[in-house]
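Enquirer: See data.txt below, with compact mmCIF, C-alpha atoms and all ligand atoms.
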```
# COMPACT_ATOMS: atom_id res chain seq x y z
CA MET A 1 5.64 8.53 -20.36
CA ARG A 2 3.04 6.88 -22.54
CA ASP A 3 5.65 6.31 -25.21
CA ARG A 4 8.02 4.80 -22.72
CA ILE A 5 5.55 2.23 -21.43
CA THR A 6 3.35 1.26 -24.29
CA ARG A 7 1.70 -1.65 -22.56
CA PHE A 8 1.58 -2.46 -18.92
CA ASP A 9 3.71 -5.53 -18.47
CA VAL A 10 4.96 -6.39 -15.04
CA SER A 11 7.42 -8.94 -16.38
CA SER A 12 9.48 -6.26 -18.06
CA ALA A 13 9.77 -4.22 -14.88
CA SER A 14 12.51 -4.75 -12.36
CA LEU A 15 12.07 -3.85 -8.74
CA GLY A 16 13.04 -0.35 -7.91
CA GLN A 17 14.03 1.12 -4.61
CA LEU A 18 10.75 2.13 -3.08
CA GLY A 19 7.42 0.40 -3.51
CA LEU A 20 3.92 0.75 -2.12
CA ALA A 21 3.23 -1.97 0.47
CA PRO A 22 0.15 -4.17 0.21
CA MET A 23 -2.69 -2.85 2.36
CA GLU A 24 -5.98 -4.67 2.60
CA GLY A 25 -8.91 -2.30 2.23
CA VAL A 26 -6.61 0.32 0.71
CA THR A 27 -4.35 -0.63 -2.20
CA ASP A 28 -7.03 -1.85 -4.58
CA PHE A 29 -7.02 -0.81 -8.22
CA ALA A 30 -8.71 2.54 -7.53
CA PHE A 31 -6.03 3.47 -5.01
CA ARG A 32 -3.22 2.29 -7.25
CA LEU A 33 -4.61 4.33 -10.10
CA TRP A 34 -4.74 7.43 -7.91
CA MET A 35 -1.18 6.84 -6.70
CA SER A 36 -0.08 6.42 -10.26
CA ILE A 37 -1.49 9.82 -11.17
CA LEU A 38 -0.05 11.40 -8.08
CA GLY A 39 3.54 10.31 -8.66
CA PRO A 40 3.89 6.57 -8.55
CA PRO A 41 6.07 4.31 -6.47
CA GLN A 42 8.29 2.03 -8.49
CA PHE A 43 6.06 -0.95 -7.85
CA SER A 44 3.00 -1.84 -5.84
CA TRP A 45 1.02 -4.76 -4.47
CA THR A 46 -2.55 -5.87 -4.46
CA PRO A 47 -4.01 -6.37 -0.99
CA PHE A 48 -4.18 -10.05 -0.10
CA LEU A 49 -6.75 -12.20 -1.83
CA ARG A 50 -7.91 -15.05 0.39
CA PHE A 51 -7.89 -18.50 -1.14
CA THR A 52 -9.89 -21.48 0.11
CA ASP A 53 -10.52 -24.95 -1.23
CA THR A 54 -13.14 -23.55 -3.60
CA PHE A 55 -12.07 -19.93 -4.12
CA PRO A 56 -11.07 -18.41 -6.46
CA ARG A 57 -12.22 -20.43 -9.45
CA SER A 58 -10.97 -17.72 -11.73
CA ILE A 59 -9.18 -14.46 -11.08
CA PRO A 60 -11.79 -12.21 -9.46
CA GLU A 61 -12.96 -9.36 -11.62
CA TYR A 62 -11.06 -6.17 -10.83
CA PHE A 63 -8.38 -7.88 -8.71
CA ILE A 64 -5.57 -6.87 -11.06
CA PRO A 65 -7.12 -5.07 -14.02
CA GLU A 66 -3.67 -3.72 -14.91
CA LEU A 67 -2.72 -7.26 -15.92
CA GLU A 68 -6.06 -8.69 -16.85
CA SER A 69 -7.71 -6.08 -19.02
CA PRO A 70 -5.63 -5.23 -22.05
CA GLY A 71 -4.85 -1.57 -22.24
CA VAL A 72 -5.57 -0.66 -18.61
CA LEU A 73 -2.51 1.27 -17.72
CA THR A 74 -0.91 2.58 -14.60
CA GLN A 75 2.68 3.56 -14.32
CA MET A 76 3.79 0.83 -11.96
CA PRO A 77 4.11 -2.93 -11.88
CA VAL A 78 1.78 -4.63 -9.44
CA ILE A 79 2.46 -7.78 -7.44
CA PRO A 80 -0.54 -10.02 -6.73
CA GLN A 81 -0.73 -11.40 -3.19
CA LEU A 82 -2.62 -14.43 -1.90
CA MET A 83 -3.34 -15.55 1.65
CA GLY A 84 -4.69 -18.76 3.13
CA PRO A 85 -3.77 -21.78 5.22
CA ASN A 86 -3.45 -24.72 2.86
CA VAL A 87 -0.58 -25.21 0.44
CA ASP A 88 -2.58 -27.26 -2.10
CA ASP A 89 -5.21 -24.53 -2.27
CA PHE A 90 -2.49 -21.93 -2.55
CA VAL A 91 -0.77 -23.46 -5.56
CA ARG A 92 -4.12 -23.97 -7.28
CA ALA A 93 -5.00 -20.30 -6.79
CA ALA A 94 -1.43 -19.24 -7.66
CA ASP A 95 -1.61 -21.17 -10.93
CA LEU A 96 -4.62 -19.07 -11.89
CA VAL A 97 -2.87 -15.82 -11.07
CA LEU A 98 0.32 -16.92 -12.82
CA LYS A 99 -1.55 -17.14 -16.09
CA ILE A 100 -1.27 -13.37 -16.25
CA ALA A 101 1.33 -12.38 -13.65
CA PRO A 102 5.03 -13.30 -13.70
CA TRP A 103 5.06 -14.20 -10.03
CA VAL A 104 2.80 -14.30 -7.01
CA ASP A 105 3.33 -13.29 -3.38
CA ILE A 106 2.25 -15.30 -0.33
CA ASN A 107 1.17 -13.44 2.79
CA CYS A 108 2.89 -14.83 5.90
CA GLY A 109 2.52 -11.68 7.93
CA CYS A 110 -1.09 -10.74 8.60
CA PRO A 111 -1.50 -10.62 12.41
CA SER A 112 -5.28 -10.33 12.66
CA PRO A 113 -6.84 -12.76 15.15
CA THR A 114 -9.39 -13.97 12.59
CA VAL A 115 -6.67 -14.67 10.06
CA VAL A 116 -4.45 -16.38 12.62
CA GLY A 117 -7.46 -18.36 13.87
CA ASN A 118 -7.85 -19.59 10.32
CA ARG A 119 -4.16 -20.66 10.34
CA SER A 120 -3.31 -18.13 7.62
CA GLY A 121 -1.04 -15.08 7.39
CA SER A 122 1.48 -14.85 10.23
CA SER A 123 0.19 -18.13 11.64
CA LEU A 124 2.31 -19.87 8.99
CA LEU A 125 5.34 -18.64 10.96
CA GLU A 126 4.33 -20.33 14.19
CA LYS A 127 6.37 -23.47 13.46
CA VAL A 128 9.49 -23.44 11.30
CA GLU A 129 8.65 -26.86 9.83
CA VAL A 130 5.17 -25.73 8.76
CA PHE A 131 6.49 -22.54 7.19
CA SER A 132 9.37 -24.30 5.50
CA GLU A 133 7.20 -27.07 4.09
CA PHE A 134 4.61 -24.61 2.79
CA ILE A 135 7.20 -22.50 0.97
CA HIS A 136 9.26 -25.47 -0.28
CA LYS A 137 6.21 -27.22 -1.72
CA SER A 138 4.89 -24.03 -3.33
CA SER A 139 8.25 -23.07 -4.79
CA LEU A 140 8.74 -26.54 -6.24
CA HIS A 141 5.29 -26.53 -7.79
CA LEU A 142 5.35 -22.98 -9.15
CA GLY A 143 8.95 -22.99 -10.36
CA PRO A 144 11.93 -20.65 -9.99
CA GLN A 145 11.25 -16.92 -9.64
CA ARG A 146 7.50 -17.51 -9.55
CA LEU A 147 7.00 -16.99 -5.84
CA SER A 148 7.82 -14.22 -3.38
CA VAL A 149 7.19 -14.32 0.37
CA LYS A 150 6.09 -11.53 2.70
CA MET A 151 6.75 -12.35 6.33
CA ARG A 152 7.16 -10.93 9.80
CA THR A 153 10.27 -11.65 11.85
CA GLY A 154 8.53 -14.31 13.89
CA PHE A 155 5.28 -15.37 15.47
CA ILE A 156 6.02 -14.62 19.12
CA HIS A 157 9.49 -13.10 19.02
CA SER A 158 11.87 -11.68 16.43
CA ASN A 159 14.55 -14.12 17.55
CA GLU A 160 12.66 -16.71 15.50
CA PHE A 161 13.61 -14.87 12.32
CA ASN A 162 16.97 -16.46 11.53
CA SER A 163 15.73 -20.04 11.61
CA LEU A 164 12.58 -19.14 9.67
CA PHE A 165 14.56 -17.28 7.03
CA GLU A 166 17.29 -19.88 6.76
CA SER A 167 14.72 -22.60 6.21
CA ILE A 168 13.73 -20.99 2.88
CA CYS A 169 16.71 -18.93 1.75
CA GLY A 170 18.14 -21.66 -0.51
CA LEU A 171 14.99 -21.70 -2.64
CA PRO A 172 14.74 -19.94 -6.03
CA LEU A 173 12.28 -17.34 -4.74
CA LYS A 174 11.79 -13.99 -6.43
CA PHE A 175 12.44 -12.22 -3.12
CA VAL A 176 11.48 -12.18 0.54
CA THR A 177 9.94 -9.10 2.15
CA VAL A 178 10.47 -8.74 5.88
CA HIS A 179 8.32 -6.59 8.14
CA GLY A 180 10.59 -6.24 11.16
CA ARG A 181 8.07 -7.17 13.84
CA SER A 182 6.71 -10.45 15.16
CA ARG A 183 3.03 -11.29 15.05
CA LEU A 184 2.79 -10.66 18.77
CA ASP A 185 4.30 -7.19 18.28
CA ARG A 186 1.50 -6.21 15.87
CA TYR A 187 2.57 -2.54 15.36
CA LYS A 188 4.28 -2.05 18.73
CA GLY A 189 7.82 -0.75 19.07
CA LYS A 190 10.04 -0.15 16.07
CA SER A 191 10.36 -2.28 12.98
CA ASN A 192 13.62 -4.19 13.24
CA TRP A 193 15.59 -3.37 10.09
CA THR A 194 18.79 -4.93 11.43
CA LEU A 195 17.67 -8.55 11.17
CA PRO A 196 16.85 -8.45 7.45
CA MET A 197 19.88 -6.24 6.79
CA LEU A 198 22.18 -8.79 8.39
CA ALA A 199 20.42 -11.65 6.61
CA SER A 200 20.92 -9.90 3.27
CA LYS A 201 24.68 -10.18 3.75
CA ARG A 202 24.49 -13.95 4.17
CA THR A 203 22.41 -14.80 1.12
CA SER A 204 22.00 -13.99 -2.53
CA MET A 205 18.22 -13.93 -2.04
CA PRO A 206 16.88 -10.41 -2.68
CA ILE A 207 15.40 -9.02 0.54
CA LEU A 208 12.93 -6.17 0.76
CA ILE A 209 12.40 -4.31 3.99
CA SER A 210 9.07 -3.19 5.44
CA GLY A 211 7.96 -1.23 8.48
CA ASP A 212 8.25 2.37 9.59
CA ILE A 213 9.72 3.80 6.39
CA HIS A 214 8.09 7.18 6.71
CA ARG A 215 10.35 9.38 4.69
CA PHE A 216 12.95 9.20 2.01
CA ALA A 217 15.82 9.61 4.47
CA HIS A 218 14.81 6.33 6.10
CA ILE A 219 15.32 4.32 2.95
CA GLN A 220 18.50 6.22 2.19
CA SER A 221 19.88 5.20 5.57
CA ILE A 222 19.01 1.57 4.84
CA PHE A 223 20.83 1.69 1.52
CA ALA A 224 23.77 3.60 2.95
CA ASP A 225 24.47 0.63 5.18
CA GLN A 226 26.61 -2.11 3.65
CA SER A 227 23.66 -4.48 3.60
CA LYS A 228 22.35 -5.75 0.30
CA ILE A 229 18.74 -4.79 0.91
CA TYR A 230 17.11 -4.78 -2.49
CA SER A 231 14.28 -2.41 -1.87
CA GLY A 232 12.00 -0.85 0.70
CA ILE A 233 8.25 -0.73 0.76
CA VAL A 234 6.07 1.92 2.34
CA GLY A 235 2.65 1.30 3.83
CA ARG A 236 1.32 3.73 6.43
CA GLY A 237 3.98 6.26 5.40
CA ALA A 238 2.43 6.43 1.94
CA LEU A 239 -0.99 7.10 3.43
CA ARG A 240 0.43 9.81 5.64
CA ASN A 241 2.24 11.36 2.71
CA PRO A 242 1.20 9.94 -0.66
CA TRP A 243 3.84 12.22 -2.26
CA ILE A 244 6.61 10.35 -0.40
CA PHE A 245 7.70 8.59 -3.59
CA SER A 246 8.32 11.82 -5.44
CA GLY A 247 9.84 13.53 -2.42
CA LYS A 248 7.70 16.66 -2.76
CA SER A 249 7.35 19.07 0.12
CA LYS A 250 4.20 20.87 -1.04
CA ALA A 251 1.10 19.61 -2.79
CA PRO A 252 -2.46 20.58 -3.75
CA VAL A 253 -3.80 18.12 -1.19
CA LEU A 254 -7.45 19.17 -1.43
CA LYS A 255 -7.63 18.77 -5.21
CA ALA A 256 -5.87 15.42 -5.02
CA LEU A 257 -8.37 14.33 -2.37
CA CYS A 258 -11.16 15.47 -4.60
CA VAL A 259 -9.89 13.25 -7.43
CA PHE A 260 -9.51 10.45 -4.90
CA GLY A 261 -13.18 10.88 -3.91
CA LEU A 262 -14.36 10.93 -7.53
CA ILE A 263 -12.31 7.84 -8.36
CA GLN A 264 -13.65 6.02 -5.29
CA ASN A 265 -17.20 7.04 -6.14
CA LEU A 266 -16.87 5.50 -9.59
CA TRP A 267 -15.00 2.43 -8.34
CA LEU A 268 -17.60 1.63 -5.71
CA SER A 269 -20.60 2.20 -7.95
CA ASP A 270 -19.46 1.22 -11.45
CA PRO A 271 -15.87 -0.09 -11.61
CA GLY A 272 -16.22 -0.75 -15.33
CA LEU A 273 -16.53 3.00 -15.91
CA LEU A 274 -13.35 3.65 -13.97
CA LEU A 275 -11.59 1.06 -16.11
CA LEU A 276 -12.80 2.84 -19.23
CA TRP A 277 -11.26 6.06 -17.97
CA ALA A 278 -8.06 4.22 -17.05
CA LYS A 279 -7.97 2.59 -20.47
CA ASP A 280 -7.91 6.05 -21.90
CA GLY A 281 -4.41 6.26 -20.44
CA HIS A 282 -5.24 8.34 -17.40
CA GLY A 283 -3.17 6.26 -15.01
CA MET A 284 -0.23 7.23 -17.17
CA LYS A 285 -0.59 10.93 -16.66
CA THR A 286 1.09 12.33 -13.62
CA ALA A 287 -0.49 15.29 -11.88
CA GLY A 288 1.71 15.33 -8.79
CA VAL A 289 2.07 18.74 -7.24
CA ASP A 290 0.74 20.97 -9.95
CA SER A 291 -2.75 22.26 -9.13
CA GLU A 292 -3.61 22.95 -12.79
CA SER A 293 -2.91 19.38 -13.77
CA TRP A 294 -5.27 18.11 -11.04
CA ILE A 295 -7.95 20.33 -12.56
CA ARG A 296 -7.28 18.67 -15.90
CA VAL A 297 -7.71 15.28 -14.23
CA ILE A 298 -11.10 16.37 -12.84
CA GLU A 299 -12.07 17.64 -16.32
CA SER A 300 -11.09 14.38 -17.95
CA LEU A 301 -13.09 12.43 -15.36
CA ASN A 302 -16.14 14.61 -15.97
CA LYS A 303 -17.48 12.41 -18.79
CA PHE A 304 -17.58 9.46 -16.36
CA SER A 305 -18.24 11.13 -13.02
CA GLY A 306 -20.65 13.78 -14.28
CA VAL A 307 -18.87 16.31 -12.08
CA SER A 308 -17.38 19.48 -13.54
CA VAL A 309 -14.56 21.45 -11.96
CA ALA A 310 -17.05 24.11 -10.87
CA GLU A 311 -19.00 21.48 -8.94
CA ILE A 312 -16.20 19.81 -7.02
CA ALA A 313 -17.01 21.45 -3.70
CA GLU A 314 -20.59 20.19 -3.86
CA VAL A 315 -20.20 16.64 -5.18
CA ASP A 316 -22.53 14.11 -3.64
CA LEU A 317 -20.00 11.42 -2.78
CA SER A 318 -21.55 8.14 -1.68
CA PRO A 319 -21.16 7.36 2.05
CA ARG A 320 -18.67 4.59 1.20
CA ALA A 321 -16.57 6.85 -1.02
CA LEU A 322 -16.64 9.55 1.66
CA ALA A 323 -15.57 6.99 4.27
CA ARG A 324 -12.53 6.17 2.15
CA VAL A 325 -11.68 9.84 1.72
CA LYS A 326 -11.89 10.24 5.49
CA MET A 327 -9.74 7.18 6.07
CA LEU A 328 -7.08 8.71 3.83
CA TRP A 329 -7.47 12.11 5.47
CA SER A 330 -7.01 10.56 8.93
CA TYR A 331 -3.49 9.69 7.75
CA ILE A 332 -2.64 12.64 5.48
CA ARG A 333 -3.49 15.22 8.16
CA SER A 334 -0.49 13.99 10.17
CA SER A 335 1.77 15.38 7.41
CA LEU A 336 0.14 18.80 7.52
CA PRO A 337 0.49 21.68 9.97
CA GLY A 338 -1.17 21.07 13.36
CA VAL A 339 -4.34 23.08 12.59
CA PHE A 340 -5.40 20.36 10.15
CA MET A 341 -5.56 17.81 12.97
CA ASP A 342 -8.92 19.42 13.93
CA PRO A 343 -11.10 16.35 14.71
CA SER A 344 -14.29 18.01 13.48
CA ILE A 345 -13.13 17.57 9.86
CA LEU A 346 -13.43 13.82 10.25
CA ARG A 347 -16.93 14.20 11.65
CA SER A 348 -18.19 15.78 8.42
CA SER A 349 -21.22 13.88 7.21
CA ARG A 350 -20.96 15.09 3.62
CA TRP A 351 -18.18 15.82 1.18
CA SER A 352 -19.23 19.48 0.86
CA VAL A 353 -18.91 19.92 4.63
CA PHE A 354 -15.56 18.12 4.67
CA TYR A 355 -14.30 20.23 1.77
CA SER A 356 -15.37 23.57 3.21
CA HIS A 357 -13.91 22.65 6.62
CA ILE A 358 -10.49 22.23 5.07
CA GLN A 359 -10.90 25.33 2.90
CA ASN A 360 -11.84 27.39 5.96
CA ILE A 361 -8.80 26.20 7.86
CA CYS A 362 -6.63 27.14 4.89
CA GLN A 363 -8.15 30.62 4.74
CA LEU A 364 -8.04 31.28 8.49
CA ASN A 365 -4.40 30.25 8.68
CA HIS A 366 -3.25 31.81 5.40
CA PHE A 367 -2.38 28.56 3.67
CA SER A 368 -2.84 28.27 -0.06
CA GLU A 369 -4.98 25.17 -0.54
CA ASP A 370 -2.97 24.52 -3.72
CA GLU A 371 0.34 24.40 -1.89
CA LEU A 372 -0.04 22.75 1.47
CA PRO A 373 3.27 21.97 3.15
CA LEU A 374 4.01 18.28 3.70
CA LEU A 375 6.17 17.40 6.65
CA TYR A 376 6.99 14.31 8.64
CA ASP A 377 6.35 14.63 12.37
CA GLU A 378 7.66 11.70 14.39
CA GLU A 379 5.50 12.83 17.33
CA ARG A 380 2.45 11.65 15.43
CA ASP A 381 3.69 8.11 14.77
CA TRP A 382 1.75 6.78 17.75
CA LEU A 383 -1.53 7.66 16.05
CA TYR A 384 -1.02 4.82 13.59
CA SER A 385 0.33 2.23 16.01
CA GLY A 386 -2.95 1.02 17.49
CA GLU A 387 -1.60 1.98 20.96
CA SER A 388 -2.09 4.88 23.34
CA ARG A 389 0.57 7.59 23.20
CA GLU A 390 1.96 6.45 26.57
CA ALA A 391 2.19 2.78 25.58
CA PHE A 392 3.73 3.73 22.23
CA ASN A 393 6.39 5.90 23.86
CA LEU A 394 7.13 3.16 26.35
CA HIS A 395 7.63 0.60 23.57
CA GLN A 396 9.81 3.01 21.59
CA SER A 397 12.15 3.45 24.51
CA ILE A 398 12.64 -0.29 25.11
C1 LIG B 1 -4.38 -1.09 6.67
C2 LIG B 1 -3.28 -2.09 6.42
C3 LIG B 1 -3.55 -3.20 5.63
C4 LIG B 1 -2.52 -4.14 5.40
N1 LIG B 1 -2.77 -5.18 4.53
C5 LIG B 1 -1.76 -6.00 4.18
C6 LIG B 1 -1.95 -7.01 3.17
O1 LIG B 1 -3.01 -7.13 2.54
N2 LIG B 1 -0.90 -7.83 2.90
C7 LIG B 1 0.32 -7.72 3.54
O2 LIG B 1 1.24 -8.47 3.25
N3 LIG B 1 0.52 -6.74 4.46
C8 LIG B 1 -0.47 -5.89 4.77
N4 LIG B 1 -0.24 -4.88 5.68
C9 LIG B 1 1.12 -4.71 6.23
C10 LIG B 1 1.94 -3.71 5.38
O3 LIG B 1 2.14 -4.18 4.08
C11 LIG B 1 3.31 -3.40 6.02
O4 LIG B 1 4.12 -4.55 5.99
C12 LIG B 1 3.18 -2.90 7.46
O5 LIG B 1 2.13 -1.96 7.58
C13 LIG B 1 4.46 -2.23 7.95
O6 LIG B 1 4.84 -1.22 7.10
P1 LIG B 1 4.53 0.35 7.36
O7 LIG B 1 5.15 0.73 8.67
O8 LIG B 1 5.20 1.02 6.18
O9 LIG B 1 3.06 0.52 7.38
C14 LIG B 1 -1.23 -3.96 5.96
C15 LIG B 1 -1.00 -2.84 6.76
C16 LIG B 1 -2.00 -1.91 6.99
C17 LIG B 1 -1.68 -0.69 7.83
```
What is this structure when it is put down as structure tokens?
Ligand SMILES: Cc1cc2nc3c(=O)[nH]c(=O)nc-3n(C[C@H](O)[C@H](O)[C@H](O)COP(=O)(O)O)c2cc1C

Expert:
Amino acid sequence: MRDRITRFDVSSASLGQLGLAPMEGVTDFAFRLWMSILGPPQFSWTPFLRFTDTFPRSIPEYFIPELESPGVLTQMPVIPQLMGPNVDDFVRAADLVLKIAPWVDINCGCPSPTVVGNRSGSSLLEKVEVFSEFIHKSSLHLGPQRLSVKMRTGFIHSNEFNSLFESICGLPLKFVTVHGRSRLDRYKGKSNWTLPMLASKRTSMPILISGDIHRFAHIQSIFADQSKIYSGIVGRGALRNPWIFSGKSKAPVLKALCVFGLIQNLWLSDPGLLLLWAKDGHGMKTAGVDSESWIRVIESLNKFSGVSVAEIAEVDLSPRALARVKMLWSYIRSSLPGVFMDPSILRSSRWSVFYSHIQNICQLNHFSEDELPLLYDEERDWLYSGESREAFNLHQSI
């Protein structure tokens, strides 16, 4: 693999079929590096970076080290995303990012009340004229193929989608990604794949689809349709099953989590050290489902983390690193047999307690911790919807 990609260069990469969606608080460099080791998606995103009239003055350190620091390698192209309310501030910030990235993405989808209150994210969709003017002005300033747009299907209702989309589809954008829900929907109901699929037949603009792609069969069904959907991106589905991109059905989940914890520990305390490890080419080495290769990853990290393989059960992860491991576990457990849903695991106050909890469950239930089965259970979708089970089921049936 290292021979194939000698230097990370997003401009030489074309979009593949399945990418990792941008997720604020999740898909930072440390996460992307871990995904890259695990079996990478074909491309990924940074979480949004907010721009204001004064920020950023330069590309923030560690925003996209894959592009900024020569020699920092992961196996996937990364798309930088910006978010904010004002088009002049956007193009100024985009110009900075475009010094090192071939194109930049604008977030027109974030539904959070704070973001909307600030007239950013999905708020740009509230009026077609505002959206259209923002994207037209930016596209004209940045030039052809230098801008991509990530949007929801509307602000209040998905029936706003066609006029929103048509107002920008003649522009020379790199692509448009559509999360098939309106801002008001948040994560309710099902992501509407039909609207972007139909739109893709009416335009030559590449369209990517987002929302509720939880397993490989979902994307296959999208491509089997006669639509010209270019690609799909996976957000929560990749947290629930980080092996979704390689389609594996078993994985050494505990060892992979351990590497995740060590990477987070370094990232949150001394990101420069993590970059040094990454510069050594470690984002280019896939471990995937082979337990031995995860041990080799832990060994190679040892020089930086100070943790040997023998010590992994007892590592003193910082509270912030442990919180991130638990966040990931709160998703991954939904892809494991029901016994792993045990809520006490998430209450562990230390990594060693967390680790031994999972080990005990493996032993009691005769699972090999190196080969935990990964499955997709639709019944657990509601857990990640922000709704109660009853409300979720009600919205699904509408
Ligand atoms: C925790 C979290 C953070 C997110 N952050 C971003 C973001 O920074 N930028 C963005 O465009 N979308 C963001 N999204 C939306 C996702 O990219 C995606 O469009 C949405 O979750 C639907 O896809 P899914 O069903 O595969 O999760 C975020 C979603 C989640 C769950």

Enquirer: Just how far from CA of Thr114 in chain A is CA of Phe131 in chain A, in Å to one decimal?

Expert: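 These two atoms are separated by 18.8 Å.
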
Enquirer: Just the number, please: distance in Å from CA of Asp377 in chain A to CA of Arg333 in chain A, one decimal.

Expert: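 These atoms are spaced 10.7 Å apart.
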
Enquirer: Around ligand LIG 1 (chain B), with edges along x, y and z and 4 Å added on all six sides, what centre and edge lengths do you get, in Å to one decimal, as JSON?

Expert:
```
{"center_x": 0.4, "center_y": -3.7, "center_z": 5.6, "size_x": 17.6, "size_y": 17.5, "size_z": 14.1}
```

Enquirer: Using all atoms listed in the file, find each protein or nucleic acid residue lying at most 9 Å from ligand LIG 1 (chain B); present the set as a PyMOL selection string.

Expert: chain A and resi 20-27+45-49+81-83+105-111+121+149-152+177-181+187+190-191+209-214+232-239+384-385

Enquirer: Would you kindly identify which residues have an atom no farther than 9 Å from (-9.6, 0.4, -14.2), using only C-alpha atoms and the file's own coordinates, and write them out as a ChimeraX atom specification?

Expert: /A:29-30,33,62,64-66,69,72-74,267,271-279,283

Enquirer: Please compute the CA of Thr54 in chain A-CA of Val78 in chain A distance, one decimal, in Å.

Expert: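 Atom-to-atom, CA of Thr54 in chain A to CA of Val78 in chain A, that is 24.8 Å.
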
Enquirer: So that I can look at just that part, could you write range 46-59 of chain A with N, CA, C and O atoms, as a PDB file, in the first residue's frame?

Expert:
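As a result, selection_26.pdb now contains:
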```pdb
ATOM      1  N   THR A  46     -13.290  16.301   7.170  1.00  0.00           N
ATOM      2  CA  THR A  46     -13.040  16.874   8.496  1.00  0.00           C
ATOM      3  C   THR A  46     -14.410  17.213   9.074  1.00  0.00           C
ATOM      4  O   THR A  46     -15.362  17.394   8.326  1.00  0.00           O
ATOM      5  N   PRO A  47     -14.522  17.352  10.386  1.00  0.00           N
ATOM      6  CA  PRO A  47     -15.739  17.971  10.930  1.00  0.00           C
ATOM      7  C   PRO A  47     -15.739  19.427  10.486  1.00  0.00           C
ATOM      8  O   PRO A  47     -14.714  19.935  10.035  1.00  0.00           O
ATOM      9  N   PHE A  48     -16.863  20.120  10.651  1.00  0.00           N
ATOM     10  CA  PHE A  48     -16.876  21.516  10.219  1.00  0.00           C
ATOM     11  C   PHE A  48     -15.925  22.364  11.059  1.00  0.00           C
ATOM     12  O   PHE A  48     -15.734  22.133  12.248  1.00  0.00           O
ATOM     13  N   LEU A  49     -15.331  23.322  10.373  1.00  0.00           N
ATOM     14  CA  LEU A  49     -14.540  24.347  11.053  1.00  0.00           C
ATOM     15  C   LEU A  49     -15.330  25.637  10.910  1.00  0.00           C
ATOM     16  O   LEU A  49     -15.657  26.049   9.798  1.00  0.00           O
ATOM     17  N   ARG A  50     -15.666  26.252  12.047  1.00  0.00           N
ATOM     18  CA  ARG A  50     -16.437  27.504  11.979  1.00  0.00           C
ATOM     19  C   ARG A  50     -15.563  28.628  11.477  1.00  0.00           C
ATOM     20  O   ARG A  50     -14.412  28.745  11.890  1.00  0.00           O
ATOM     21  N   PHE A  51     -16.113  29.465  10.603  1.00  0.00           N
ATOM     22  CA  PHE A  51     -15.390  30.681  10.231  1.00  0.00           C
ATOM     23  C   PHE A  51     -16.188  31.883  10.731  1.00  0.00           C
ATOM     24  O   PHE A  51     -17.417  31.824  10.854  1.00  0.00           O
ATOM     25  N   THR A  52     -15.466  32.939  11.053  1.00  0.00           N
ATOM     26  CA  THR A  52     -16.099  34.204  11.467  1.00  0.00           C
ATOM     27  C   THR A  52     -15.370  35.315  10.716  1.00  0.00           C
ATOM     28  O   THR A  52     -14.518  35.029   9.869  1.00  0.00           O
ATOM     29  N   ASP A  53     -15.671  36.561  11.064  1.00  0.00           N
ATOM     30  CA  ASP A  53     -14.978  37.637  10.344  1.00  0.00           C
ATOM     31  C   ASP A  53     -13.496  37.716  10.702  1.00  0.00           C
ATOM     32  O   ASP A  53     -12.720  38.329   9.999  1.00  0.00           O
ATOM     33  N   THR A  54     -13.099  37.078  11.792  1.00  0.00           N
ATOM     34  CA  THR A  54     -11.672  37.128  12.149  1.00  0.00           C
ATOM     35  C   THR A  54     -11.010  35.744  12.178  1.00  0.00           C
ATOM     36  O   THR A  54      -9.804  35.658  12.337  1.00  0.00           O
ATOM     37  N   PHE A  55     -11.780  34.713  12.048  1.00  0.00           N
ATOM     38  CA  PHE A  55     -11.219  33.352  12.205  1.00  0.00           C
ATOM     39  C   PHE A  55     -11.543  32.500  10.986  1.00  0.00           C
ATOM     40  O   PHE A  55     -12.654  32.595  10.473  1.00  0.00           O
ATOM     41  N   PRO A  56     -10.685  31.616  10.514  1.00  0.00           N
ATOM     42  CA  PRO A  56      -9.290  31.493  10.938  1.00  0.00           C
ATOM     43  C   PRO A  56      -8.396  32.486  10.183  1.00  0.00           C
ATOM     44  O   PRO A  56      -8.720  32.871   9.076  1.00  0.00           O
ATOM     45  N   ARG A  57      -7.291  32.834  10.798  1.00  0.00           N
ATOM     46  CA  ARG A  57      -6.312  33.685  10.106  1.00  0.00           C
ATOM     47  C   ARG A  57      -5.335  32.823   9.323  1.00  0.00           C
ATOM     48  O   ARG A  57      -4.683  33.261   8.392  1.00  0.00           O
ATOM     49  N   SER A  58      -5.182  31.606   9.795  1.00  0.00           N
ATOM     50  CA  SER A  58      -4.401  30.626   9.033  1.00  0.00           C
ATOM     51  C   SER A  58      -5.074  29.288   9.306  1.00  0.00           C
ATOM     52  O   SER A  58      -5.951  29.201  10.175  1.00  0.00           O
ATOM     53  N   ILE A  59      -4.681  28.274   8.587  1.00  0.00           N
ATOM     54  CA  ILE A  59      -5.339  26.983   8.812  1.00  0.00           C
ATOM     55  C   ILE A  59      -4.961  26.489  10.206  1.00  0.00           C
ATOM     56  O   ILE A  59      -3.770  26.426  10.536  1.00  0.00           O
TER      57      ILE A  59
END
```
